[in-house]
Number of protein chains: 2
Amino acid sequence: MVNHKAAQLDRTFAALTDPTRRAILARLEREEAVSVSDLAQPFAITLPAVMKHLDVLDAAGLVVRAKAGRIVTVRLSPAPMQEAMDWLRRYERFWGASLDRLAAFAEAREAAARESDA
Amino acid sequence: MVNHKAAQLDRTFAALTDPTRRAILARLEREEAVSVSDLAQPFAITLPAVMKHLDVLDAAGLVVRAKAGRIVTVRLSPAPMQEAMDWLRRYERFWGASLDRLAAFAEAREAAARESDA
């Protein structure tokens, strides 16, 4: 179970390492179902190259493809990204901590300003 | 700027694709500074292999190394993970949406149960 989860995280993060794949996911976040040719259109790469990126996203469980006649449409399958985000969430306290330090610094400066005014 | 950000995300996600590297980051989340030999100890891999993983983490800006005498200590540098999390955050609404649907379903079922009781 742990190994299965680790292997899924490996695949999710690996799928996210490429800017074209991230752009495909970002588009599928805005549009529910997009044909492969529409998806490929903004990129200066060949259709087979886009298909390869879709294979990686599909293997990671991040997209699902459906064929209707000659049109293949692609949809987002966001669940694995939730797991990736849960993994990253443990570091949230560091960003929180630096904001807390910033707030403490601002408060101390204000207090010093009040004292010098008095 | 956008390309610089994309390249940083590439490096961050690539650094997170490996379970040994994720385990190193998880340990540095719990312990502030750990020597390289202490870090390597739990893993069934050679010290040079651990050093290579640390090189990847260092290149991605996820750890910093400091040398004191003959001891190299490693610390977490969590900032790039915040960017990775911000990228993933746009998909949060999908998890929220499925929870909303679940809540709506539970409410509808309760309402139906009340009606059949009446």
# chains A, B, ... in the order shown; residues from 1 in each chain; ligands from 1
>>> interface_residues(of="chain A", to="chain B", cutoff="6 Å", atoms="only C-alpha atoms", output="PDB file with N, CA and C atoms, in the first residue's frame")
ATOM      1  N   ASP A  10       5.417   9.140  -7.451  1.00  0.00           N
ATOM      2  CA  ASP A  10       6.508   9.209  -8.449  1.00  0.00           C
ATOM      3  C   ASP A  10       5.943   9.602  -9.811  1.00  0.00           C
ATOM      4  N   PHE A  13       4.348  13.337  -9.844  1.00  0.00           N
ATOM      5  CA  PHE A  13       5.359  14.399  -9.911  1.00  0.00           C
ATOM      6  C   PHE A  13       6.111  14.347 -11.245  1.00  0.00           C
ATOM      7  N   ALA A  14       6.401  13.146 -11.746  1.00  0.00           N
ATOM      8  CA  ALA A  14       7.106  13.021 -13.031  1.00  0.00           C
ATOM      9  C   ALA A  14       6.255  13.618 -14.156  1.00  0.00           C
ATOM     10  N   THR A  17       6.583  17.432 -14.380  1.00  0.00           N
ATOM     11  CA  THR A  17       7.896  18.058 -14.609  1.00  0.00           C
ATOM     12  C   THR A  17       7.987  18.785 -15.944  1.00  0.00           C
TER      13      THR A  17
END
>>> atom_distance(atom1="CA of Ala44 (chain A)", atom2="CA of Arg21 (chain A)")
13.3 Å
>>> select_by_dssp(residues="region 24-95 of chain B", states="helix (DSSP H, G or I)", output="PyMOL selection string")
chain B and resi 24-30+36-40+47-59+79-89+92-95
>>> write_last_selection(atoms="N, CA and C atoms", output="compact mmCIF listing (two decimals), in the first residue's frame")
# COMPACT_ATOMS: atom_id res chain seq x y z
N ILE B 24 14.13 12.12 2.30
CA ILE B 24 15.13 13.07 2.83
C ILE B 24 14.44 14.39 3.21
N LEU B 25 13.58 14.88 2.32
CA LEU B 25 12.87 16.15 2.60
C LEU B 25 11.95 16.00 3.81
N ALA B 26 11.29 14.83 3.92
CA ALA B 26 10.38 14.59 5.04
C ALA B 26 11.16 14.58 6.35
N ARG B 27 12.38 13.99 6.33
CA ARG B 27 13.19 13.98 7.55
C ARG B 27 13.62 15.40 7.92
N LEU B 28 14.00 16.20 6.92
CA LEU B 28 14.44 17.57 7.18
C LEU B 28 13.29 18.48 7.60
N GLU B 29 12.08 18.00 7.39
CA GLU B 29 10.91 18.75 7.88
C GLU B 29 10.82 18.58 9.41
N ARG B 30 11.25 17.40 9.91
CA ARG B 30 11.15 17.10 11.34
C ARG B 30 12.39 17.55 12.11
N VAL B 36 25.15 14.60 6.60
CA VAL B 36 24.95 13.74 5.43
C VAL B 36 24.99 12.27 5.82
N SER B 37 25.91 11.89 6.73
CA SER B 37 26.00 10.47 7.11
C SER B 37 24.77 10.03 7.89
N ASP B 38 24.23 10.90 8.74
CA ASP B 38 22.97 10.59 9.44
C ASP B 38 21.81 10.46 8.47
N LEU B 39 21.79 11.36 7.47
CA LEU B 39 20.73 11.32 6.46
C LEU B 39 20.76 10.02 5.67
N ALA B 40 21.98 9.55 5.37
CA ALA B 40 22.16 8.37 4.53
C ALA B 40 21.80 7.09 5.27
N LEU B 47 26.58 5.78 0.18
CA LEU B 47 26.72 7.21 0.49
C LEU B 47 26.83 8.04 -0.79
N PRO B 48 27.63 7.62 -1.80
CA PRO B 48 27.67 8.42 -3.04
C PRO B 48 26.30 8.55 -3.71
N ALA B 49 25.46 7.50 -3.60
CA ALA B 49 24.11 7.58 -4.18
C ALA B 49 23.27 8.62 -3.44
N VAL B 50 23.43 8.66 -2.10
CA VAL B 50 22.72 9.68 -1.32
C VAL B 50 23.21 11.08 -1.71
N MET B 51 24.55 11.20 -1.89
CA MET B 51 25.13 12.49 -2.30
C MET B 51 24.54 12.96 -3.63
N LYS B 52 24.31 12.02 -4.54
CA LYS B 52 23.73 12.39 -5.84
C LYS B 52 22.30 12.92 -5.67
N HIS B 53 21.55 12.25 -4.78
CA HIS B 53 20.19 12.75 -4.50
C HIS B 53 20.25 14.15 -3.89
N LEU B 54 21.23 14.37 -3.01
CA LEU B 54 21.37 15.70 -2.40
C LEU B 54 21.76 16.75 -3.44
N ASP B 55 22.56 16.34 -4.45
CA ASP B 55 22.90 17.27 -5.54
C ASP B 55 21.63 17.71 -6.28
N VAL B 56 20.73 16.74 -6.54
CA VAL B 56 19.48 17.07 -7.25
C VAL B 56 18.63 18.02 -6.41
N LEU B 57 18.52 17.72 -5.10
CA LEU B 57 17.73 18.57 -4.20
C LEU B 57 18.34 19.97 -4.09
N ASP B 58 19.68 20.01 -4.06
CA ASP B 58 20.41 21.28 -3.96
C ASP B 58 20.20 22.10 -5.24
N ALA B 59 20.30 21.46 -6.40
CA ALA B 59 20.11 22.15 -7.69
C ALA B 59 18.69 22.71 -7.81
N ALA B 79 11.04 26.91 0.20
CA ALA B 79 10.35 27.90 -0.65
C ALA B 79 9.89 27.35 -2.02
N PRO B 80 10.74 26.59 -2.77
CA PRO B 80 10.26 26.13 -4.08
C PRO B 80 9.02 25.23 -3.99
N MET B 81 8.85 24.54 -2.85
CA MET B 81 7.67 23.67 -2.71
C MET B 81 6.40 24.49 -2.57
N GLN B 82 6.55 25.73 -2.07
CA GLN B 82 5.38 26.61 -1.97
C GLN B 82 4.85 26.93 -3.37
N GLU B 83 5.80 27.19 -4.30
CA GLU B 83 5.43 27.47 -5.69
C GLU B 83 4.73 26.25 -6.32
N ALA B 84 5.27 25.06 -6.03
CA ALA B 84 4.67 23.82 -6.56
C ALA B 84 3.26 23.65 -6.01
N MET B 85 3.09 23.98 -4.74
CA MET B 85 1.78 23.84 -4.13
C MET B 85 0.81 24.86 -4.70
N ASP B 86 1.30 26.08 -4.93
CA ASP B 86 0.44 27.11 -5.55
C ASP B 86 -0.01 26.65 -6.92
N TRP B 87 0.87 25.98 -7.64
CA TRP B 87 0.48 25.47 -8.96
C TRP B 87 -0.64 24.44 -8.82
N LEU B 88 -0.51 23.55 -7.85
CA LEU B 88 -1.51 22.48 -7.66
C LEU B 88 -2.83 23.01 -7.11
N ARG B 89 -2.76 24.16 -6.45
CA ARG B 89 -3.93 24.69 -5.74
C ARG B 89 -5.10 24.98 -6.68
N GLU B 92 -7.83 22.48 -6.62
CA GLU B 92 -8.49 22.26 -5.33
C GLU B 92 -10.01 22.27 -5.48
N ARG B 93 -10.52 23.13 -6.38
CA ARG B 93 -11.98 23.25 -6.53
C ARG B 93 -12.61 21.91 -6.93
N PHE B 94 -11.83 21.04 -7.61
CA PHE B 94 -12.39 19.75 -8.01
C PHE B 94 -12.64 18.87 -6.78
N TRP B 95 -11.71 18.90 -5.84
CA TRP B 95 -11.89 18.09 -4.63
C TRP B 95 -13.01 18.69 -3.80
>>> atom_distance(atom1="CA of Val63 (chain A)", atom2="CA of Val34 (chain A)")
11.0 Å
>>> closest_residue(among="B:Gly61, B:Glu31, B:Thr20, B:Arg75", to="Phe43 (chain B)", atoms="only C-alpha atoms")
B:Thr20
>>> atom_distance(atom1="CA of Lys67 (chain B)", atom2="CA of Glu32 (chain B)")
15.1 Å
